[in-house]
Amino acid sequence: MRITNLLLFIILLLYGACAYQFPEEELYTETDLGKINPGNVIAVGDDFLAGVMDGALYHSGQLISIPSLIAGQLNIVSPVRFNQPTVESETGLNLFKSTADTVYGKWIYRFEDITAALPERLLTGGEVPGKFSGDKSLLGNFAIPGLVIDKLNSSSLNENPYYNRIATSPGTSTLLLDIKALNPTFIIMWLGMNDFLGYAIRGAGNSNHGEESSWYKGTKLTSSDKFQQELEQTVAQLMNSCDCKIVIGNLPDVGSLPLFYWRPYNQLFLDGMRLTEARSKYTDFNEAVAAFNRAASEENKRPFIDFYDNAGGLHPQPMVVIDNTLSDATYPDGKPLEKYRQLLNNEMVLLEVSDGMLNKGFGSKIPLTEDLYLSGQEILEIGHRVALYNTAISGILRNYPDNVVLADVAAEVNKIAGISKADAWGVPFNNTILFFDGVPLDGTLGINSIFSIDGVHFNQRGNAFVANVFIKALNTGFNSRIPTININRYPGNSYTASF
C-alpha cells in the first residue's frame with residue numbers, strides 16, 4: 001500500500017513539473033494607441049481594401065477585409081466601431097469576367113476528375129450587389145471595388161454599383177464628400193491599384209472579351225501627373241476638414257502579382273506530332289519572313305517562328321503571339337504577312353492562358369491574342385508608371401510627416417513573389433521558403449498562397465498578411481503597440497471535389 005502511495009506521489013510530482021504553462025494574456029491600455037485616435041476609423045481604397053477575393057466581392061471574404069482585420073486588432077487595445085457595407089452573396093459579381101449581358105461570380109478550385117493531379121479553376125454563377133439596408137452614417141469601410149483615383153471626388157462614381165449602394169445621395173454625392181462628412185479620426189488608405197491593373201490585366205488595354213462594365217474595366221493607365229494631383233488634393237481636403245492620422249499603402253508592380261508570373265512565357269511542351277504540326281503551320285510564314293528580311297532595314301526585320309528540337313525529351317517552347325507593333329510585310333503574292341512572333345524571356349503570359357487552351361493549340365498553332373500577354377515594352381511602361389505613383393505616395397509622407405505613415409506593401413509582396421516564381425518545369429528560381437510561425441507562405445496560388453485564385457487580390461491569409469504590414473507601420477510611425485495578427489488563423493486557397 002505504501003509503495004502504491006509512493007508511486008502516486010511521484011506521478012503527481014512529475015505531472016506538476018511538466019505541465020504546460022500557458023502564456024499570460026497580454027494586457028493593453030489606451031496608452032498603447034500612441035498617436036492613434038480610433039474614435040472613427042474609416043477605410044478609403046479600392047478592391048484590395050474592400051475585401052475582393054477570387055475575382056469577386058462576396059460575403060465571407062468581405063468579412064475578412066484588410067481594414068476589418070486592422071480594426072479588430074485596434075479593438076483589442078480600445079473599443080472600435082467598424083461597420084462594412086456587406087453584400088448578401090457568397091458568389092458575388094466577378095469583376096474580371098462579367099459583361100453587360102452575363103453575370104459571373106467568384107472563381108473556385110474544384111477537382112472534376114478523380115484522376116486529376118490539379119483542380120480546375122471554375123467560374124460560379126454571379127449576383128449583382130443589392131441595395132445596402134444598413135445605416136450609412138455608421139459605415140467605416142468606404143473601399144469601392146473598381147475605384148480609380150480620379151473618381152474619388154466625382155459624382156460619376158455613382159455608375160459603380162458598389163458606391164451607388166452606399167452613397168448618401170445616390171446619383172449626385174461623391175465618395176470624398178461622404179467620407180469628410182463623417183469626420184474620421186483615423187484613416188486606412190490604399191489607392192492606385194486599379195489605376196494600372198485595369199490596363200495590365202487586359203494585356204495593356206487590349207480587350208477581346210466583348211462589352212465590359214465601364215465602371216470597372218478601364219483600358220488606360222492613369223497619368224502620373226493626374227494621380228499625384230488627385231492624391232494630394234484628397235489628402236489635403238481630409239487634413240483640412242478633420243483631425244486625423246493616415247496610414248497609406250504603396251503599390252506592388254505587376255511582376256509581383258501571380259496573374260502575370262504564374263505561367264512562364266515558355267511553358268509550352270509539344271510532343272512529336274504536335275511539334276510537327278506546329279512547325280508545318282509556319283513553313284510558308286517563315287519563307288515569307290526570309291524574303292522580306294533580305295530587303296528590310298534592321299529595325300523592320302521580322303522574327304521567324306522557330307521551335308526547338310526535343311532531342312529525346314520535351315523542351316520548353318516560347319509561345320507564339322500576335323503583335324501588331326511588328327512592321328507590315330507581305331507574302332510573295334502580295335497577301336499581308338501575319339504579325340506573329342514568339343515571346344521573349346522578359347515577357348509575361350497572363351493567367352487567362354490555361355492548360356486546356358495550350359492543349360488545343362493556343363500558343364503554338366493558334367497564336368495568343370494581344371490581351372493574353374504583356375510585351376517587354378508594356379511591362380516597362382507599367383512599371384515606370386507604378387514607380388511614379390509610389391513617388392507621389394512618398395510625397396504625401398513628406399508633406400504631412402506627423403500625420404501620415406507608409407505601409408510598405410510593395411516590399412513585402414515583392415518578397416513573396418521572389419520565392420514563388422519558377423521556370424517552365426516548375427523549378428523555383430529561389431529556394432528560400434518564407435514561414436510565419438512554422439507555416440510556409442508563397443504566391444503560387446496553392447493552399448499556402450497569400451493570393452486568391454484570381455491571381456491579383458489576396459485571400460483571407462493574404463489579407464491578414466497585408467494587414468500586419470499596415471499594423472507594423474502604425475506601431476513604428478505613431479508610437480503605438482497594436483498587436484499583430486496570427487495569419488495562420490486564416491485559410492489560404494481551398495479545393496472542393498465534384499465526385
# chains A, B, ... in the order shown; residues from 1 in each chain; ligands from 1

$ residues_around --residues "Glu352 in chain A" --least-positions-apart "3" --cutoff "10 Å" --atoms "only C-alpha atoms" --output "ChimeraX atom specification"
/A:201-202,259-260,263,349,355,357,371-373,454-455

$ select_by_dssp --residues "range 61-252 of chain A" --states "helix (DSSP H, G or I)" --output "ChimeraX atom specification"
/A:61-62,66-77,136-138,149-151,155-159,161-164,175-181,194-200,224-241

$ write_last_selection --atoms "C-alpha atoms" --output "mmCIF file, in the first residue's frame"
data_model
loop_
_atom_site.group_PDB
_atom_site.id
_atom_site.type_symbol
_atom_site.label_atom_id
_atom_site.label_comp_id
_atom_site.auth_asym_id
_atom_site.auth_seq_id
_atom_site.Cartn_x
_atom_site.Cartn_y
_atom_site.Cartn_z
ATOM 1 C CA GLY A 61 -14.409 37.203 -47.986
ATOM 2 C CA GLN A 62 -15.591 40.733 -47.281
ATOM 3 C CA ILE A 66 -7.813 44.252 -44.556
ATOM 4 C CA PRO A 67 -9.346 47.254 -42.724
ATOM 5 C CA SER A 68 -11.737 44.979 -40.813
ATOM 6 C CA LEU A 69 -8.764 42.950 -39.585
ATOM 7 C CA ILE A 70 -6.875 46.109 -38.590
ATOM 8 C CA ALA A 71 -9.931 47.430 -36.744
ATOM 9 C CA GLY A 72 -10.178 44.109 -34.943
ATOM 10 C CA GLN A 73 -6.625 44.494 -33.644
ATOM 11 C CA LEU A 74 -7.287 48.099 -32.603
ATOM 12 C CA ASN A 75 -10.313 46.823 -30.735
ATOM 13 C CA ILE A 76 -8.048 44.648 -28.577
ATOM 14 C CA VAL A 77 -6.485 47.847 -27.264
ATOM 15 C CA LYS A 136 -24.910 54.533 -43.983
ATOM 16 C CA SER A 137 -23.928 57.048 -41.311
ATOM 17 C CA LEU A 138 -22.315 54.243 -39.275
ATOM 18 C CA ILE A 149 -8.267 57.783 -58.115
ATOM 19 C CA ASP A 150 -9.912 60.443 -60.285
ATOM 20 C CA LYS A 151 -13.366 59.112 -59.281
ATOM 21 C CA SER A 155 -20.349 62.052 -58.946
ATOM 22 C CA SER A 156 -19.718 59.771 -61.940
ATOM 23 C CA LEU A 157 -18.637 57.125 -59.413
ATOM 24 C CA ASN A 158 -22.366 56.577 -58.905
ATOM 25 C CA GLU A 159 -22.217 54.437 -62.068
ATOM 26 C CA PRO A 161 -22.936 49.763 -58.113
ATOM 27 C CA TYR A 162 -20.680 49.313 -55.081
ATOM 28 C CA TYR A 163 -20.600 53.043 -54.456
ATOM 29 C CA ASN A 164 -24.154 53.778 -55.510
ATOM 30 C CA LEU A 175 -17.110 59.437 -52.122
ATOM 31 C CA LEU A 176 -14.758 62.068 -50.724
ATOM 32 C CA LEU A 177 -17.600 64.293 -49.512
ATOM 33 C CA ASP A 178 -19.287 61.299 -47.864
ATOM 34 C CA ILE A 179 -16.063 60.471 -46.025
ATOM 35 C CA LYS A 180 -15.380 64.038 -44.932
ATOM 36 C CA ALA A 181 -18.904 64.340 -43.540
ATOM 37 C CA ASN A 194 -6.895 49.982 -60.347
ATOM 38 C CA ASP A 195 -5.098 52.911 -61.936
ATOM 39 C CA PHE A 196 -2.797 50.400 -63.629
ATOM 40 C CA LEU A 197 -4.369 46.959 -63.149
ATOM 41 C CA GLY A 198 -7.361 47.586 -65.400
ATOM 42 C CA TYR A 199 -4.854 48.248 -68.158
ATOM 43 C CA ALA A 200 -2.456 45.434 -67.323
ATOM 44 C CA SER A 224 1.296 60.098 -63.166
ATOM 45 C CA ASP A 225 0.523 63.829 -63.007
ATOM 46 C CA LYS A 226 -3.182 63.105 -62.601
ATOM 47 C CA PHE A 227 -2.500 60.533 -59.918
ATOM 48 C CA GLN A 228 -0.292 62.922 -57.938
ATOM 49 C CA GLN A 229 -2.765 65.794 -58.278
ATOM 50 C CA GLU A 230 -5.769 63.721 -57.163
ATOM 51 C CA LEU A 231 -3.899 62.119 -54.274
ATOM 52 C CA GLU A 232 -2.554 65.428 -52.979
ATOM 53 C CA GLN A 233 -5.964 67.091 -53.223
ATOM 54 C CA THR A 234 -7.670 64.162 -51.477
ATOM 55 C CA VAL A 235 -5.272 64.135 -48.525
ATOM 56 C CA ALA A 236 -5.283 67.948 -48.270
ATOM 57 C CA GLN A 237 -9.087 68.037 -48.097
ATOM 58 C CA LEU A 238 -9.124 65.349 -45.431
ATOM 59 C CA MET A 239 -6.462 67.116 -43.364
ATOM 60 C CA ASN A 240 -8.273 70.451 -43.641
ATOM 61 C CA SER A 241 -11.616 69.016 -42.576
#

$ select_by_dssp --residues "range 88-255 of chain A" --states "strand (DSSP E or B)" --output "tab-separated table (two decimals) with N, CA, C and O atoms, in the first residue's frame"
chain	number	residue	atom	x	y	z
A	99	THR	N	-19.91	40.63	-67.95
A	99	THR	CA	-20.16	41.61	-69.02
A	99	THR	C	-21.55	42.20	-68.82
A	99	THR	O	-22.26	41.85	-67.89
A	104	TYR	N	-21.09	36.66	-63.93
A	104	TYR	CA	-20.38	35.55	-63.32
A	104	TYR	C	-20.07	35.89	-61.86
A	104	TYR	O	-20.03	37.06	-61.47
A	105	GLY	N	-19.81	34.84	-61.08
A	105	GLY	CA	-19.41	35.02	-59.69
A	105	GLY	C	-17.94	34.71	-59.50
A	105	GLY	O	-17.15	34.71	-60.44
A	106	LYS	N	-17.57	34.41	-58.27
A	106	LYS	CA	-16.17	34.17	-57.93
A	106	LYS	C	-15.67	32.89	-58.61
A	106	LYS	O	-16.45	32.02	-59.03
A	107	TRP	N	-14.34	32.79	-58.70
A	107	TRP	CA	-13.71	31.55	-59.12
A	107	TRP	C	-13.61	30.60	-57.93
A	107	TRP	O	-13.45	31.04	-56.77
A	108	ILE	N	-13.67	29.31	-58.21
A	108	ILE	CA	-13.40	28.29	-57.20
A	108	ILE	C	-12.45	27.26	-57.79
A	108	ILE	O	-12.32	27.13	-59.00
A	109	TYR	N	-11.77	26.54	-56.91
A	109	TYR	CA	-10.97	25.38	-57.31
A	109	TYR	C	-11.83	24.13	-57.08
A	109	TYR	O	-12.41	23.95	-56.00
A	110	ARG	N	-11.90	23.28	-58.10
A	110	ARG	CA	-12.66	22.04	-57.93
A	110	ARG	C	-11.99	20.91	-58.70
A	110	ARG	O	-11.59	21.09	-59.86
A	111	PHE	N	-11.89	19.75	-58.06
A	111	PHE	CA	-11.45	18.55	-58.76
A	111	PHE	C	-12.66	17.96	-59.47
A	111	PHE	O	-13.61	17.50	-58.84
A	120	GLU	N	-9.37	22.22	-61.21
A	120	GLU	CA	-9.67	23.20	-62.24
A	120	GLU	C	-10.13	24.50	-61.59
A	120	GLU	O	-10.75	24.50	-60.52
A	121	ARG	N	-9.83	25.61	-62.26
A	121	ARG	CA	-10.31	26.92	-61.80
A	121	ARG	C	-11.61	27.20	-62.54
A	121	ARG	O	-11.61	27.39	-63.76
A	122	LEU	N	-12.72	27.25	-61.81
A	122	LEU	CA	-14.03	27.33	-62.43
A	122	LEU	C	-14.77	28.58	-61.97
A	122	LEU	O	-14.61	29.04	-60.83
A	123	LEU	N	-15.62	29.10	-62.85
A	123	LEU	CA	-16.47	30.24	-62.52
A	123	LEU	C	-17.78	29.76	-61.91
A	123	LEU	O	-18.34	28.75	-62.35
A	124	THR	N	-18.27	30.49	-60.93
A	124	THR	CA	-19.59	30.24	-60.38
A	124	THR	C	-20.59	31.22	-60.98
A	124	THR	O	-20.21	32.20	-61.62
A	125	GLY	N	-21.87	30.98	-60.75
A	125	GLY	CA	-22.89	31.94	-61.15
A	125	GLY	C	-22.83	33.16	-60.25
A	125	GLY	O	-22.61	33.04	-59.04
A	139	LEU	N	-21.15	53.61	-41.32
A	139	LEU	CA	-20.18	52.82	-42.09
A	139	LEU	C	-18.75	53.27	-41.82
A	139	LEU	O	-18.49	54.45	-41.57
A	141	ASN	N	-16.06	51.24	-43.79
A	141	ASN	CA	-15.29	50.81	-44.95
A	141	ASN	C	-15.85	51.44	-46.22
A	141	ASN	O	-16.91	51.04	-46.72
A	142	PHE	N	-15.13	52.42	-46.74
A	142	PHE	CA	-15.51	53.10	-47.97
A	142	PHE	C	-14.58	52.71	-49.12
A	142	PHE	O	-14.34	53.50	-50.03
A	143	ALA	N	-14.06	51.49	-49.07
A	143	ALA	CA	-13.29	50.96	-50.19
A	143	ALA	C	-14.27	50.46	-51.24
A	143	ALA	O	-15.17	49.68	-50.94
A	186	PHE	N	-9.14	58.41	-37.84
A	186	PHE	CA	-8.05	57.53	-38.29
A	186	PHE	C	-8.45	56.93	-39.62
A	186	PHE	O	-9.55	56.38	-39.75
A	187	ILE	N	-7.57	57.04	-40.63
A	187	ILE	CA	-7.89	56.60	-41.98
A	187	ILE	C	-6.89	55.55	-42.45
A	187	ILE	O	-5.67	55.75	-42.37
A	188	ILE	N	-7.42	54.45	-42.93
A	188	ILE	CA	-6.63	53.41	-43.60
A	188	ILE	C	-6.81	53.63	-45.09
A	188	ILE	O	-7.91	53.52	-45.61
A	189	MET	N	-5.74	53.98	-45.79
A	189	MET	CA	-5.83	54.37	-47.20
A	189	MET	C	-4.93	53.51	-48.06
A	189	MET	O	-3.76	53.29	-47.74
A	190	TRP	N	-5.49	53.02	-49.15
A	190	TRP	CA	-4.69	52.28	-50.15
A	190	TRP	C	-5.35	52.51	-51.49
A	190	TRP	O	-6.36	51.91	-51.82
A	212	GLU	N	-17.84	45.38	-71.80
A	212	GLU	CA	-17.45	45.22	-70.42
A	212	GLU	C	-18.07	46.29	-69.54
A	212	GLU	O	-18.60	47.29	-70.02
A	245	LYS	N	-5.20	60.88	-38.38
A	245	LYS	CA	-3.95	60.24	-38.79
A	245	LYS	C	-4.27	59.30	-39.94
A	245	LYS	O	-5.37	58.74	-40.03
A	246	ILE	N	-3.28	59.12	-40.83
A	246	ILE	CA	-3.48	58.28	-42.01
A	246	ILE	C	-2.33	57.28	-42.12
A	246	ILE	O	-1.16	57.65	-41.98
A	247	VAL	N	-2.66	56.03	-42.38
A	247	VAL	CA	-1.67	55.05	-42.82
A	247	VAL	C	-2.00	54.74	-44.27
A	247	VAL	O	-3.14	54.41	-44.61
A	248	ILE	N	-1.02	54.88	-45.15
A	248	ILE	CA	-1.25	54.73	-46.59
A	248	ILE	C	-0.33	53.65	-47.15
A	248	ILE	O	0.86	53.60	-46.84
A	249	GLY	N	-0.89	52.77	-47.96
A	249	GLY	CA	-0.11	51.71	-48.58
A	249	GLY	C	0.43	52.13	-49.93
A	249	GLY	O	-0.19	52.91	-50.65

$ residues_around --residues "range 331-338 of chain A" --least-positions-apart "2" --cutoff "9 Å" --atoms "only C-alpha atoms" --output "MDAnalysis selection string"
chainID A and resid 284:285 287:289 291:292 322 324 328:329 340

$ write_last_selection --atoms "all heavy atoms" --output "CSV table (one decimal), in the first residue's frame"
chain,number,residue,atom,x,y,z
A,284,ASP,N,5.3,28.3,-94.6
A,284,ASP,CA,5.2,29.4,-95.6
A,284,ASP,C,5.4,30.7,-95.0
A,284,ASP,O,6.0,31.6,-95.6
A,284,ASP,CB,3.8,29.4,-96.2
A,284,ASP,CG,3.5,28.1,-97.1
A,284,ASP,OD1,4.5,27.5,-97.5
A,284,ASP,OD2,2.3,27.8,-97.3
A,285,PHE,N,5.0,30.9,-93.7
A,285,PHE,CA,5.2,32.1,-93.0
A,285,PHE,C,6.7,32.4,-92.9
A,285,PHE,O,7.2,33.6,-93.2
A,285,PHE,CB,4.6,32.0,-91.6
A,285,PHE,CG,4.9,33.2,-90.7
A,285,PHE,CD1,4.1,34.3,-90.7
A,285,PHE,CD2,6.0,33.2,-89.8
A,285,PHE,CE1,4.4,35.4,-89.9
A,285,PHE,CE2,6.3,34.3,-89.0
A,285,PHE,CZ,5.5,35.4,-89.0
A,287,GLU,N,9.2,31.3,-94.7
A,287,GLU,CA,9.8,31.6,-96.1
A,287,GLU,C,9.5,33.1,-96.5
A,287,GLU,O,10.4,33.7,-97.0
A,287,GLU,CB,9.2,30.6,-97.1
A,287,GLU,CG,9.7,29.2,-96.9
A,287,GLU,CD,9.0,28.3,-97.9
A,287,GLU,OE1,8.1,28.7,-98.7
A,287,GLU,OE2,9.4,27.1,-97.9
A,288,ALA,N,8.3,33.5,-96.2
A,288,ALA,CA,7.9,34.9,-96.5
A,288,ALA,C,8.7,35.9,-95.6
A,288,ALA,O,9.1,37.0,-96.1
A,288,ALA,CB,6.4,35.1,-96.3
A,289,VAL,N,9.0,35.5,-94.4
A,289,VAL,CA,9.8,36.4,-93.5
A,289,VAL,C,11.2,36.5,-94.0
A,289,VAL,O,11.8,37.6,-94.1
A,289,VAL,CB,9.8,35.8,-92.0
A,289,VAL,CG1,10.9,36.5,-91.2
A,289,VAL,CG2,8.5,36.0,-91.4
A,291,ALA,N,12.2,36.2,-97.1
A,291,ALA,CA,12.2,37.0,-98.3
A,291,ALA,C,12.1,38.5,-98.0
A,291,ALA,O,12.8,39.3,-98.5
A,291,ALA,CB,11.1,36.6,-99.2
A,292,PHE,N,11.2,38.8,-97.0
A,292,PHE,CA,11.0,40.2,-96.6
A,292,PHE,C,12.3,40.8,-96.0
A,292,PHE,O,12.7,41.9,-96.2
A,292,PHE,CB,9.8,40.3,-95.6
A,292,PHE,CG,9.7,41.6,-95.0
A,292,PHE,CD1,9.1,42.7,-95.7
A,292,PHE,CD2,10.1,41.9,-93.7
A,292,PHE,CE1,8.9,43.9,-95.1
A,292,PHE,CE2,10.0,43.1,-93.1
A,292,PHE,CZ,9.4,44.1,-93.8
A,322,ILE,N,0.3,37.2,-81.3
A,322,ILE,CA,0.1,38.2,-82.3
A,322,ILE,C,0.6,39.5,-81.7
A,322,ILE,O,0.4,39.8,-80.6
A,322,ILE,CB,-1.4,38.4,-82.6
A,322,ILE,CG1,-2.0,37.1,-83.2
A,322,ILE,CG2,-1.7,39.6,-83.5
A,322,ILE,CD1,-3.5,37.1,-83.3
A,324,ASN,N,0.8,43.4,-83.0
A,324,ASN,CA,0.5,44.4,-84.1
A,324,ASN,C,1.5,45.5,-84.2
A,324,ASN,O,1.3,46.4,-85.0
A,324,ASN,CB,-0.9,44.9,-83.9
A,324,ASN,CG,-2.0,43.9,-84.3
A,324,ASN,OD1,-1.9,43.4,-85.4
A,324,ASN,ND2,-2.9,43.6,-83.5
A,328,ASP,N,4.8,46.1,-91.1
A,328,ASP,CA,4.0,45.5,-92.2
A,328,ASP,C,4.9,44.8,-93.1
A,328,ASP,O,6.0,45.2,-93.5
A,328,ASP,CB,3.2,46.6,-92.9
A,328,ASP,CG,2.1,47.2,-92.0
A,328,ASP,OD1,1.7,46.6,-91.1
A,328,ASP,OD2,1.8,48.4,-92.3
A,329,ALA,N,4.4,43.6,-93.6
A,329,ALA,CA,5.1,42.8,-94.6
A,329,ALA,C,4.1,42.0,-95.4
A,329,ALA,O,2.9,42.0,-95.0
A,329,ALA,CB,6.1,41.9,-93.9
A,340,TYR,N,3.0,37.7,-86.4
A,340,TYR,CA,3.3,36.7,-85.4
A,340,TYR,C,4.7,36.8,-85.0
A,340,TYR,O,5.6,37.1,-85.7
A,340,TYR,CB,3.0,35.3,-86.0
A,340,TYR,CG,1.7,35.0,-86.5
A,340,TYR,CD1,1.5,33.9,-87.4
A,340,TYR,CD2,0.5,35.7,-86.1
A,340,TYR,CE1,0.2,33.6,-87.9
A,340,TYR,CE2,-0.7,35.3,-86.5
A,340,TYR,CZ,-0.9,34.3,-87.4
A,340,TYR,OH,-2.2,34.0,-87.9

$ atom_distance --atom1 "CA of Glu112 in chain A" --atom2 "CA of Leu351 in chain A"
19.8 Å

$ closest_residue --among "A:Ser256, A:Ser89, A:Thr330, A:Thr172" --to "Asn286 in chain A" --atoms "only C-alpha atoms"
A:Thr330

$ residues_around --residues "Glu412 in chain A" --least-positions-apart "3" --cutoff "12 Å" --atoms "only C-alpha atoms" --output "MDAnalysis selection string"
chainID A and resid 249:253 256:257 407:409 415:419 434 441:443 450 462 465:470 472

$ write_last_selection --atoms "C-alpha atoms" --output "short mmCIF file (atom, residue, chain, number, x, y, z; two decimals), in the first residue's frame"
data_model
loop_
_atom_site.label_atom_id
_atom_site.label_comp_id
_atom_site.auth_asym_id
_atom_site.auth_seq_id
_atom_site.Cartn_x
_atom_site.Cartn_y
_atom_site.Cartn_z
CA GLY A 249 -0.11 51.71 -48.58
CA ASN A 250 2.14 51.82 -51.62
CA LEU A 251 1.75 49.75 -54.78
CA PRO A 252 3.42 46.49 -55.87
CA ASP A 253 4.23 46.21 -59.57
CA SER A 256 4.80 40.79 -58.05
CA LEU A 257 1.28 39.50 -58.81
CA ALA A 407 2.78 50.78 -45.12
CA ASP A 408 5.41 49.36 -47.49
CA VAL A 409 3.16 46.75 -49.07
CA LYS A 415 9.45 39.15 -51.16
CA ILE A 416 6.62 36.67 -51.68
CA ALA A 417 6.91 36.94 -55.47
CA GLY A 418 10.66 36.44 -55.27
CA ILE A 419 10.30 32.96 -53.78
CA LEU A 434 9.21 32.17 -46.02
CA LEU A 441 3.82 31.42 -47.33
CA ASP A 442 4.01 31.81 -51.09
CA GLY A 443 2.33 33.27 -54.14
CA ILE A 450 -1.42 34.70 -49.88
CA GLY A 462 -3.12 37.28 -47.61
CA PHE A 465 -0.51 39.25 -44.06
CA VAL A 466 -1.05 42.72 -45.57
CA ALA A 467 -2.97 43.93 -42.51
CA ASN A 468 0.14 43.16 -40.47
CA VAL A 469 2.19 45.35 -42.83
CA PHE A 470 -0.18 48.23 -42.04
CA LYS A 472 3.66 47.41 -38.14
#

$ decode --residues "range 247-262 of chain A" --atoms "C-alpha atoms" --output "PDB file, in the first residue's frame"
ATOM      1  CA  VAL A 247      -1.665  55.055 -42.823  1.00  0.00           C
ATOM      2  CA  ILE A 248      -1.250  54.727 -46.590  1.00  0.00           C
ATOM      3  CA  GLY A 249      -0.108  51.709 -48.582  1.00  0.00           C
ATOM      4  CA  ASN A 250       2.138  51.822 -51.624  1.00  0.00           C
ATOM      5  CA  LEU A 251       1.753  49.750 -54.781  1.00  0.00           C
ATOM      6  CA  PRO A 252       3.416  46.494 -55.873  1.00  0.00           C
ATOM      7  CA  ASP A 253       4.230  46.211 -59.568  1.00  0.00           C
ATOM      8  CA  VAL A 254       2.594  43.704 -61.920  1.00  0.00           C
ATOM      9  CA  GLY A 255       5.677  41.476 -61.694  1.00  0.00           C
ATOM     10  CA  SER A 256       4.795  40.794 -58.052  1.00  0.00           C
ATOM     11  CA  LEU A 257       1.282  39.503 -58.813  1.00  0.00           C
ATOM     12  CA  PRO A 258       0.836  35.858 -59.863  1.00  0.00           C
ATOM     13  CA  LEU A 259      -1.651  36.662 -62.628  1.00  0.00           C
ATOM     14  CA  PHE A 260       1.419  37.889 -64.507  1.00  0.00           C
ATOM     15  CA  TYR A 261       4.093  35.394 -63.398  1.00  0.00           C
ATOM     16  CA  TRP A 262       2.173  32.186 -62.694  1.00  0.00           C
TER      17      TRP A 262
END
